[in-house]
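*Asks:* Supplied structure: input33.pdb, PDB, C-alpha atoms.
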ATOM      1  CA  MET R   1       0.000   0.000   0.000
ATOM      2  CA  SER R   2       1.458   3.380  -0.996
ATOM      3  CA  ASN R   3       1.766   6.327   1.340
ATOM      4  CA  GLU R   4      -1.225   7.884  -0.409
ATOM      5  CA  SER R   5      -3.556   4.946   0.263
ATOM      6  CA  VAL R   6      -5.887   4.789   3.229
ATOM      7  CA  LYS R   7      -8.129   1.790   3.813
ATOM      8  CA  VAL R   8     -11.823   2.594   4.075
ATOM      9  CA  ASP R   9     -14.124   0.408   6.162
ATOM     10  CA  ARG R  10     -17.026  -1.384   4.500
ATOM     11  CA  GLU R  11     -19.604   0.669   6.420
ATOM     12  CA  ASP R  12     -17.928   3.878   5.324
ATOM     13  CA  ARG R  13     -17.914   2.715   1.702
ATOM     14  CA  VAL R  14     -21.662   2.067   1.856
ATOM     15  CA  GLY R  15     -22.230   5.580   3.183
ATOM     16  CA  LEU R  16     -20.027   7.044   0.463
ATOM     17  CA  PHE R  17     -21.904   5.136  -2.247
ATOM     18  CA  ILE R  18     -25.188   6.445  -0.850
ATOM     19  CA  THR R  19     -23.783   9.981  -0.969
ATOM     20  CA  ILE R  20     -22.765   9.443  -4.594
ATOM     21  CA  GLY R  21     -26.327   8.321  -5.309
ATOM     22  CA  VAL R  22     -27.691  11.491  -3.715
ATOM     23  CA  ALA R  23     -25.243  13.613  -5.747
ATOM     24  CA  THR R  24     -26.401  11.841  -8.904
ATOM     25  CA  LEU R  25     -30.048  12.580  -8.070
ATOM     26  CA  VAL R  26     -29.151  16.232  -7.459
ATOM     27  CA  ALA R  27     -27.431  16.395 -10.853
ATOM     28  CA  ILE R  28     -30.388  14.789 -12.634
ATOM     29  CA  SER R  29     -32.854  17.108 -10.876
ATOM     30  CA  ALA R  30     -30.752  20.179 -11.691
ATOM     31  CA  LEU R  31     -30.437  19.100 -15.318
ATOM     32  CA  ALA R  32     -34.186  18.530 -15.690
ATOM     33  CA  SER R  33     -35.012  21.819 -13.965
ATOM     34  CA  GLY R  34     -32.402  23.710 -15.980
ATOM     35  CA  ILE R  35     -33.586  22.320 -19.308
ATOM     36  CA  GLY R  36     -37.186  23.113 -18.398
ATOM     37  CA  ARG R  37     -36.271  26.697 -17.542
ATOM     38  CA  ILE R  38     -34.155  27.111 -20.670
ATOM     39  CA  LEU R  39     -36.955  25.824 -22.916
ATOM     40  CA  LYS R  40     -39.459  28.122 -21.218
ATOM     41  CA  VAL R  41     -37.240  31.179 -21.611
ATOM     42  CA  ALA R  42     -36.208  30.254 -25.159
ATOM     43  CA  SER R  43     -39.803  30.596 -26.311
ATOM     44  CA  GLY R  44     -39.504  34.313 -25.593
ATOM     45  CA  GLU R  45     -43.209  34.646 -24.757
ATOM     46  CA  ASN R  46     -45.015  34.681 -21.402
ATOM     47  CA  VAL R  47     -41.779  34.021 -19.564
ATOM     48  CA  PRO R  48     -41.959  34.095 -15.743
ATOM     49  CA  ILE R  49     -39.181  36.334 -14.425
ATOM     50  CA  ARG R  50     -38.396  37.586 -10.949
ATOM     51  CA  VAL R  51     -38.658  41.364 -11.202
ATOM     52  CA  ASN R  52     -37.292  43.722  -8.581
ATOM     53  CA  PHE R  53     -39.918  46.275  -7.533
ATOM     54  CA  GLU R  54     -37.929  47.765  -4.681
ATOM     55  CA  GLY R  55     -38.722  51.456  -4.368
ATOM     56  CA  HIS R  56     -41.971  51.156  -6.344
ATOM     57  CA  ASP R  57     -45.439  51.491  -4.849
ATOM     58  CA  VAL R  58     -47.802  48.744  -5.949
ATOM     59  CA  THR R  59     -51.574  48.953  -5.584
ATOM     60  CA  LEU R  60     -53.296  45.687  -4.730
ATOM     61  CA  ASP R  61     -56.992  45.189  -5.469
ATOM     62  CA  LEU R  62     -58.488  43.394  -2.461
ATOM     63  CA  GLY R  63     -61.973  43.219  -3.947
ATOM     64  CA  HIS R  64     -65.224  44.902  -2.947
ATOM     65  CA  GLY R  65     -63.699  48.288  -3.739
ATOM     66  CA  ALA R  66     -60.880  47.865  -1.226
ATOM     67  CA  VAL R  67     -57.317  48.545  -2.311
ATOM     68  CA  ALA R  68     -54.000  48.455  -0.520
ATOM     69  CA  SER R  69     -50.668  50.051  -1.246
ATOM     70  CA  ALA R  70     -47.531  47.982  -0.775
ATOM     71  CA  GLN R  71     -43.828  48.135  -1.504
ATOM     72  CA  PRO R  72     -42.826  44.564  -2.343
ATOM     73  CA  GLU R  73     -39.222  43.668  -3.042
ATOM     74  CA  THR R  74     -39.843  41.213  -5.874
ATOM     75  CA  PHE R  75     -42.637  39.764  -7.964
ATOM     76  CA  ILE R  76     -42.684  36.791 -10.307
ATOM     77  CA  VAL R  77     -44.256  38.221 -13.450
ATOM     78  CA  GLU R  78     -44.928  36.800 -16.891
ATOM     79  CA  VAL R  79     -43.406  38.987 -19.560
ATOM     80  CA  ALA R  80     -45.436  38.780 -22.769
ATOM     81  CA  ARG R  81     -42.461  39.173 -25.079
ATOM     82  CA  LEU R  82     -38.779  39.481 -24.240
ATOM     83  CA  ARG R  83     -36.330  41.669 -26.121
ATOM     84  CA  PRO R  84     -33.286  39.808 -27.519
ATOM     85  CA  SER R  85     -31.050  41.314 -24.814
ATOM     86  CA  THR R  86     -33.415  40.226 -22.032
ATOM     87  CA  LEU R  87     -33.725  36.802 -23.630
ATOM     88  CA  ALA R  88     -29.941  36.363 -23.766
ATOM     89  CA  VAL R  89     -29.420  37.294 -20.122
ATOM     90  CA  SER R  90     -32.400  35.216 -18.985
ATOM     91  CA  LEU R  91     -30.971  32.185 -20.802
ATOM     92  CA  ALA R  92     -27.447  32.685 -19.474
ATOM     93  CA  GLU R  93     -28.515  32.460 -15.818
ATOM     94  CA  PRO R  94     -30.056  28.924 -15.896
ATOM     95  CA  ILE R  95     -27.320  27.672 -18.243
ATOM     96  CA  ILE R  96     -24.536  28.810 -15.903
ATOM     97  CA  SER R  97     -26.350  27.581 -12.797
ATOM     98  CA  THR R  98     -27.073  24.157 -14.320
ATOM     99  CA  LEU R  99     -23.535  23.670 -15.620
ATOM    100  CA  ALA R 100     -22.119  24.718 -12.253
ATOM    101  CA  ILE R 101     -24.261  22.174 -10.390
ATOM    102  CA  LEU R 102     -23.339  19.425 -12.862
ATOM    103  CA  ALA R 103     -19.634  20.263 -12.564
ATOM    104  CA  GLY R 104     -19.910  20.439  -8.780
ATOM    105  CA  THR R 105     -21.633  17.086  -8.438
ATOM    106  CA  ALA R 106     -19.102  15.537 -10.828
ATOM    107  CA  ILE R 107     -16.197  16.795  -8.697
ATOM    108  CA  VAL R 108     -17.871  15.605  -5.488
ATOM    109  CA  THR R 109     -18.425  12.185  -7.069
ATOM    110  CA  ILE R 110     -14.775  11.938  -8.138
ATOM    111  CA  VAL R 111     -13.553  12.856  -4.643
ATOM    112  CA  LEU R 112     -15.926  10.330  -3.052
ATOM    113  CA  LEU R 113     -14.752   7.618  -5.454
ATOM    114  CA  ARG R 114     -11.174   8.423  -4.447
ATOM    115  CA  LEU R 115     -12.218   8.027  -0.822
ATOM    116  CA  ILE R 116     -13.799   4.652  -1.606
ATOM    117  CA  ARG R 117     -10.652   3.505  -3.400
ATOM    118  CA  GLY R 118      -8.562   4.729  -0.470
ATOM    119  CA  ILE R 119      -6.605   7.279  -2.495
ATOM    120  CA  ALA R 120      -8.260  10.475  -1.258
ATOM    121  CA  LEU R 121      -4.848  11.733  -0.137
ATOM    122  CA  ALA R 122      -3.440  11.480  -3.646
ATOM    123  CA  LYS R 123      -1.675  14.532  -5.051
ATOM    124  CA  ARG R 124      -4.517  16.022  -7.137
ATOM    125  CA  THR R 125      -7.477  15.538  -4.787
ATOM    126  CA  HIS R 126      -7.108  18.927  -3.121
ATOM    127  CA  LEU R 127      -6.951  20.563  -6.552
ATOM    128  CA  LEU R 128     -10.392  19.115  -7.334
ATOM    129  CA  VAL R 129     -11.755  20.553  -4.094
ATOM    130  CA  PHE R 130     -10.240  23.960  -4.852
ATOM    131  CA  ALA R 131     -11.804  23.811  -8.320
ATOM    132  CA  LEU R 132     -15.178  23.156  -6.682
ATOM    133  CA  ALA R 133     -14.657  26.218  -4.462
ATOM    134  CA  VAL R 134     -13.942  28.398  -7.504
ATOM    135  CA  ILE R 135     -16.977  27.054  -9.391
ATOM    136  CA  THR R 136     -19.201  27.715  -6.367
ATOM    137  CA  LEU R 137     -17.963  31.289  -6.034
ATOM    138  CA  VAL R 138     -18.049  32.243  -9.721
ATOM    139  CA  ALA R 139     -21.340  30.539 -10.539
ATOM    140  CA  GLY R 140     -23.031  31.835  -7.390
ATOM    141  CA  LEU R 141     -22.058  35.457  -7.991
ATOM    142  CA  ALA R 142     -22.637  35.289 -11.752
ATOM    143  CA  GLY R 143     -26.069  33.737 -11.269
ATOM    144  CA  GLU R 144     -27.156  36.505  -8.899
ATOM    145  CA  ILE R 145     -25.826  39.280 -11.139
ATOM    146  CA  LEU R 146     -27.447  37.814 -14.255
ATOM    147  CA  ALA R 147     -30.758  37.414 -12.398
ATOM    148  CA  ASP R 148     -30.646  41.088 -11.370
ATOM    149  CA  VAL R 149     -29.806  42.221 -14.905
ATOM    150  CA  ALA R 150     -32.616  40.062 -16.335
ATOM    151  CA  SER R 151     -35.007  41.494 -13.742
ATOM    152  CA  ASN R 152     -34.139  45.063 -14.705
ATOM    153  CA  SER R 153     -34.327  44.325 -18.418
ATOM    154  CA  ALA R 154     -37.709  42.610 -18.022
ATOM    155  CA  LEU R 155     -39.006  45.629 -16.115
ATOM    156  CA  VAL R 156     -38.037  47.820 -19.076
ATOM    157  CA  ASP R 157     -39.720  45.347 -21.450
ATOM    158  CA  MET R 158     -42.955  45.872 -19.534
ATOM    159  CA  GLY R 159     -42.722  49.641 -19.931
ATOM    160  CA  GLY R 160     -41.187  50.401 -16.556
ATOM    161  CA  GLU R 161     -38.181  52.553 -15.793
ATOM    162  CA  GLU R 162     -34.693  51.139 -15.725
ATOM    163  CA  ASN R 163     -33.760  50.429 -12.127
ATOM    164  CA  LEU R 164     -30.649  48.271 -12.069
ATOM    165  CA  ASN R 165     -29.995  47.230  -8.489
ATOM    166  CA  LEU R 166     -27.272  44.613  -8.255
ATOM    167  CA  SER R 167     -27.336  42.651  -5.017
ATOM    168  CA  VAL R 168     -24.602  40.207  -4.081
ATOM    169  CA  SER R 169     -25.197  37.581  -1.416
ATOM    170  CA  LEU R 170     -22.450  36.380   0.888
ATOM    171  CA  ILE R 171     -23.693  32.789   0.653
ATOM    172  CA  PRO R 172     -21.559  31.836  -2.413
ATOM    173  CA  VAL R 173     -18.532  33.492  -0.794
ATOM    174  CA  LEU R 174     -18.981  31.689   2.516
ATOM    175  CA  ALA R 175     -19.716  28.384   0.768
ATOM    176  CA  SER R 176     -16.592  28.670  -1.391
ATOM    177  CA  LEU R 177     -14.477  29.507   1.682
ATOM    178  CA  ALA R 178     -15.834  26.440   3.488
ATOM    179  CA  ILE R 179     -15.070  24.219   0.490
ATOM    180  CA  ALA R 180     -11.598  25.755   0.155
ATOM    181  CA  ALA R 181     -10.974  24.941   3.824
ATOM    182  CA  VAL R 182     -11.737  21.286   3.040
ATOM    183  CA  GLY R 183      -9.245  21.517   0.164
ATOM    184  CA  VAL R 184      -6.597  22.852   2.543
ATOM    185  CA  ALA R 185      -7.306  19.930   4.871
ATOM    186  CA  PHE R 186      -6.816  17.454   2.010
ATOM    187  CA  GLU R 187      -3.591  19.187   0.971
ATOM    188  CA  SER R 188      -2.243  19.162   4.539
ATOM    189  CA  ALA R 189      -3.123  15.491   4.943
ATOM    190  CA  HIS R 190      -1.373  14.683   1.658
ATOM    191  CA  ARG R 191       1.787  16.504   2.741
ATOM    192  CA  LEU R 192       1.733  14.840   6.160
ATOM    193  CA  HIS R 193       1.363  11.442   4.538
ATOM    194  CA  LYS R 194       4.214  12.210   2.169
ATOM    195  CA  ASP R 195       6.485  13.425   4.971
ATOM    196  CA  THR R 196       5.921  10.273   6.999
ATOM    197  CA  GLU R 197       6.799   7.953   4.073
ATOM    198  CA  GLY R 198       9.348   5.421   5.172
ATOM    199  CA  LEU R 199       8.937   6.178   8.885
ATOM    200  CA  VAL R 200       6.573   3.267   9.418
TER     201      VAL R 200
END
Can you give me the file's structure in the form of structure tokens?
*Replies:*
Amino acid sequence: MSNESVKVDREDRVGLFITIGVATLVAISALASGIGRILKVASGENVPIRVNFEGHDVTLDLGHGAVASAQPETFIVEVARLRPSTLAVSLAEPIISTLAILAGTAIVTIVLLRLIRGIALAKRTHLLVFALAVITLVAGLAGEILADVASNSALVDMGGEENLNLSVSLIPVLASLAIAAVGVAFESAHRLHKDTEGLV
């Protein structure tokens, strides 16, 4: 057994295989959802889009002559017809998100298979984890920015005023940092294993 091999118990292998199964289901679900969204947007007509109404007063008809004024943050609205620019941005968001999830689940599966084979401490494992961190960060931020741009563009398509309000969540940043920390742990374990070669 090489210095990069670590034996994995049978119970642990079963758990890892189950996790791979879950990752596969996540990938299939993301692919189906992404394709459905892409096909819906590609039609260019009656496309549901999250539109940012922050700063706009909206009048709600409550029936029986009663109305209420509200300032909602977002609405899901169906845009009758998208301009080419809105269509392009609206397509880019689900494409990037779907590809990112597929790439992420593929990397997770590869790392888990390395764990099952007992070679998780091999030289390139931490690079895969770091790649997952980068994908999480880039795709998360890009998805949010594209969604905001599509929201603003759709608002203009409906005759509203341009009100581009980019909002960036810390969730992709924190998630990528957590994943990167796991990569550092793998790298440290690999170096420790390498340094102890021949001592046992």
*Asks:* Between R:Thr74, R:Ser188, R:Ser29, R:Asn152, single out the one closest to Leu102 in chain R, counting all atoms listed in the file.
*Replies:*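 Of all the options, R:Ser29 lies closest to Leu102 in chain R.
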*Asks:* Is there a way to get, as a PyMOL selection string, all residues within 12 Å of the point (-17.3, 30.4, -7.1) in file coordinates, counting all atoms listed in the file?
*Replies:* chain R and resi 96-97+100-101+103-104+129-144+170-180
*Asks:* Restricting it to C-alpha atoms, dump the selection as a PDB file, in the frame of the given file.
*Replies:*
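What landed in result-v7.pdb:
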ATOM      1  CA  ILE R  96     -24.536  28.810 -15.903  1.00  0.00           C
ATOM      2  CA  SER R  97     -26.350  27.581 -12.797  1.00  0.00           C
ATOM      3  CA  ALA R 100     -22.119  24.718 -12.253  1.00  0.00           C
ATOM      4  CA  ILE R 101     -24.261  22.174 -10.390  1.00  0.00           C
ATOM      5  CA  ALA R 103     -19.634  20.263 -12.564  1.00  0.00           C
ATOM      6  CA  GLY R 104     -19.910  20.439  -8.780  1.00  0.00           C
ATOM      7  CA  VAL R 129     -11.755  20.553  -4.094  1.00  0.00           C
ATOM      8  CA  PHE R 130     -10.240  23.960  -4.852  1.00  0.00           C
ATOM      9  CA  ALA R 131     -11.804  23.811  -8.320  1.00  0.00           C
ATOM     10  CA  LEU R 132     -15.178  23.156  -6.682  1.00  0.00           C
ATOM     11  CA  ALA R 133     -14.657  26.218  -4.462  1.00  0.00           C
ATOM     12  CA  VAL R 134     -13.942  28.398  -7.504  1.00  0.00           C
ATOM     13  CA  ILE R 135     -16.977  27.054  -9.391  1.00  0.00           C
ATOM     14  CA  THR R 136     -19.201  27.715  -6.367  1.00  0.00           C
ATOM     15  CA  LEU R 137     -17.963  31.289  -6.034  1.00  0.00           C
ATOM     16  CA  VAL R 138     -18.049  32.243  -9.721  1.00  0.00           C
ATOM     17  CA  ALA R 139     -21.340  30.539 -10.539  1.00  0.00           C
ATOM     18  CA  GLY R 140     -23.031  31.835  -7.390  1.00  0.00           C
ATOM     19  CA  LEU R 141     -22.058  35.457  -7.991  1.00  0.00           C
ATOM     20  CA  ALA R 142     -22.637  35.289 -11.752  1.00  0.00           C
ATOM     21  CA  GLY R 143     -26.069  33.737 -11.269  1.00  0.00           C
ATOM     22  CA  GLU R 144     -27.156  36.505  -8.899  1.00  0.00           C
ATOM     23  CA  LEU R 170     -22.450  36.380   0.888  1.00  0.00           C
ATOM     24  CA  ILE R 171     -23.693  32.789   0.653  1.00  0.00           C
ATOM     25  CA  PRO R 172     -21.559  31.836  -2.413  1.00  0.00           C
ATOM     26  CA  VAL R 173     -18.532  33.492  -0.794  1.00  0.00           C
ATOM     27  CA  LEU R 174     -18.981  31.689   2.516  1.00  0.00           C
ATOM     28  CA  ALA R 175     -19.716  28.384   0.768  1.00  0.00           C
ATOM     29  CA  SER R 176     -16.592  28.670  -1.391  1.00  0.00           C
ATOM     30  CA  LEU R 177     -14.477  29.507   1.682  1.00  0.00           C
ATOM     31  CA  ALA R 178     -15.834  26.440   3.488  1.00  0.00           C
ATOM     32  CA  ILE R 179     -15.070  24.219   0.490  1.00  0.00           C
ATOM     33  CA  ALA R 180     -11.598  25.755   0.155  1.00  0.00           C
TER      34      ALA R 180
END
*Asks:* Can you pull out every residue within 10 Å of Glu187 in chain R, counting only C-alpha atoms, but drop anything in the same chain fewer than 5 positions away, and send it as a ChimeraX atom specification?
*Replies:* /R:121-127,129,181-182,192-193
*Asks:* Could you give me, as a PyMOL selection string, the residues that have an atom at most 8 Å away from the point (-34.5, 40.3, -17.5) in the coordinates of the file, using all atoms listed in the file?
*Replies:* chain R and resi 49+51+86-87+89-90+147-155
*Asks:* Identify which of the residues R:Ala185, R:Val156, R:Ala32, R:Ile119 lies closest to Leu82 in chain R, counting all atoms listed in the file when measuring atom-to-atom distances.
*Replies:*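 Answer, going by the shortest atom-to-atom distance: R:Val156.
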*Asks:* Quick one: pull the distance between CA of Thr24 in chain R and CA of Thr105 in chain R, Å, one decimal.
*Replies:*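 Separation of CA of Thr24 in chain R and CA of Thr105 in chain R: 7.1 Å.
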*Asks:* Could you please determine the separation between CA of Asn46 in chain R and CA of Ala27 in chain R in Å, to one decimal place?
*Replies:*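 If I compute the distance from CA of Asn46 in chain R to CA of Ala27 in chain R, I get 27.5 Å.
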*Asks:* Between R:Ala42, R:Leu113, R:Ile145, R:Ala189, which residue has the minimum interatomic distance to Leu16 in chain R, considering all atoms listed in the file?
*Replies:*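 Once distances to Leu16 in chain R are computed over all atoms listed in the file, the minimum belongs to R:Leu113.
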*Asks:* Could you jot down the CA of Val108 in chain R to CA of Leu128 in chain R separation for me, Å, one decimal place?
*Replies:* 8.5 Å
*Asks:* Using all atoms of range 118-132 of chain R that appear in the file, construct an axis-aligned enclosing box with 8 Å of padding on every side and provide its centre coordinates and edge lengths in Å, rounded to one decimal, as AutoDock Vina command-line options.
*Replies:*
--center_x -8.4 --center_y 14.3 --center_z -4.2 --size_x 29.5 --size_y 35.2 --size_z 24.2
*Asks:* Rank R:Arg114, R:Ser169, R:Asp157, R:Ala106 by their smallest atom-to-atom distance to Val22 in chain R, using all atoms listed in the file, and report the top residue only.
*Replies:*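 Of all the options, R:Ala106 lies closest to Val22 in chain R.
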*Asks:* Looking at all atoms listed in the file, which of R:Pro48, R:Gly34, R:Gly118, R:Gly159 is the one that sits closest to Ile95 in chain R?
*Replies:*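 Among R:Pro48, R:Gly34, R:Gly118, R:Gly159, it is R:Gly34 that comes nearest to Ile95 in chain R.
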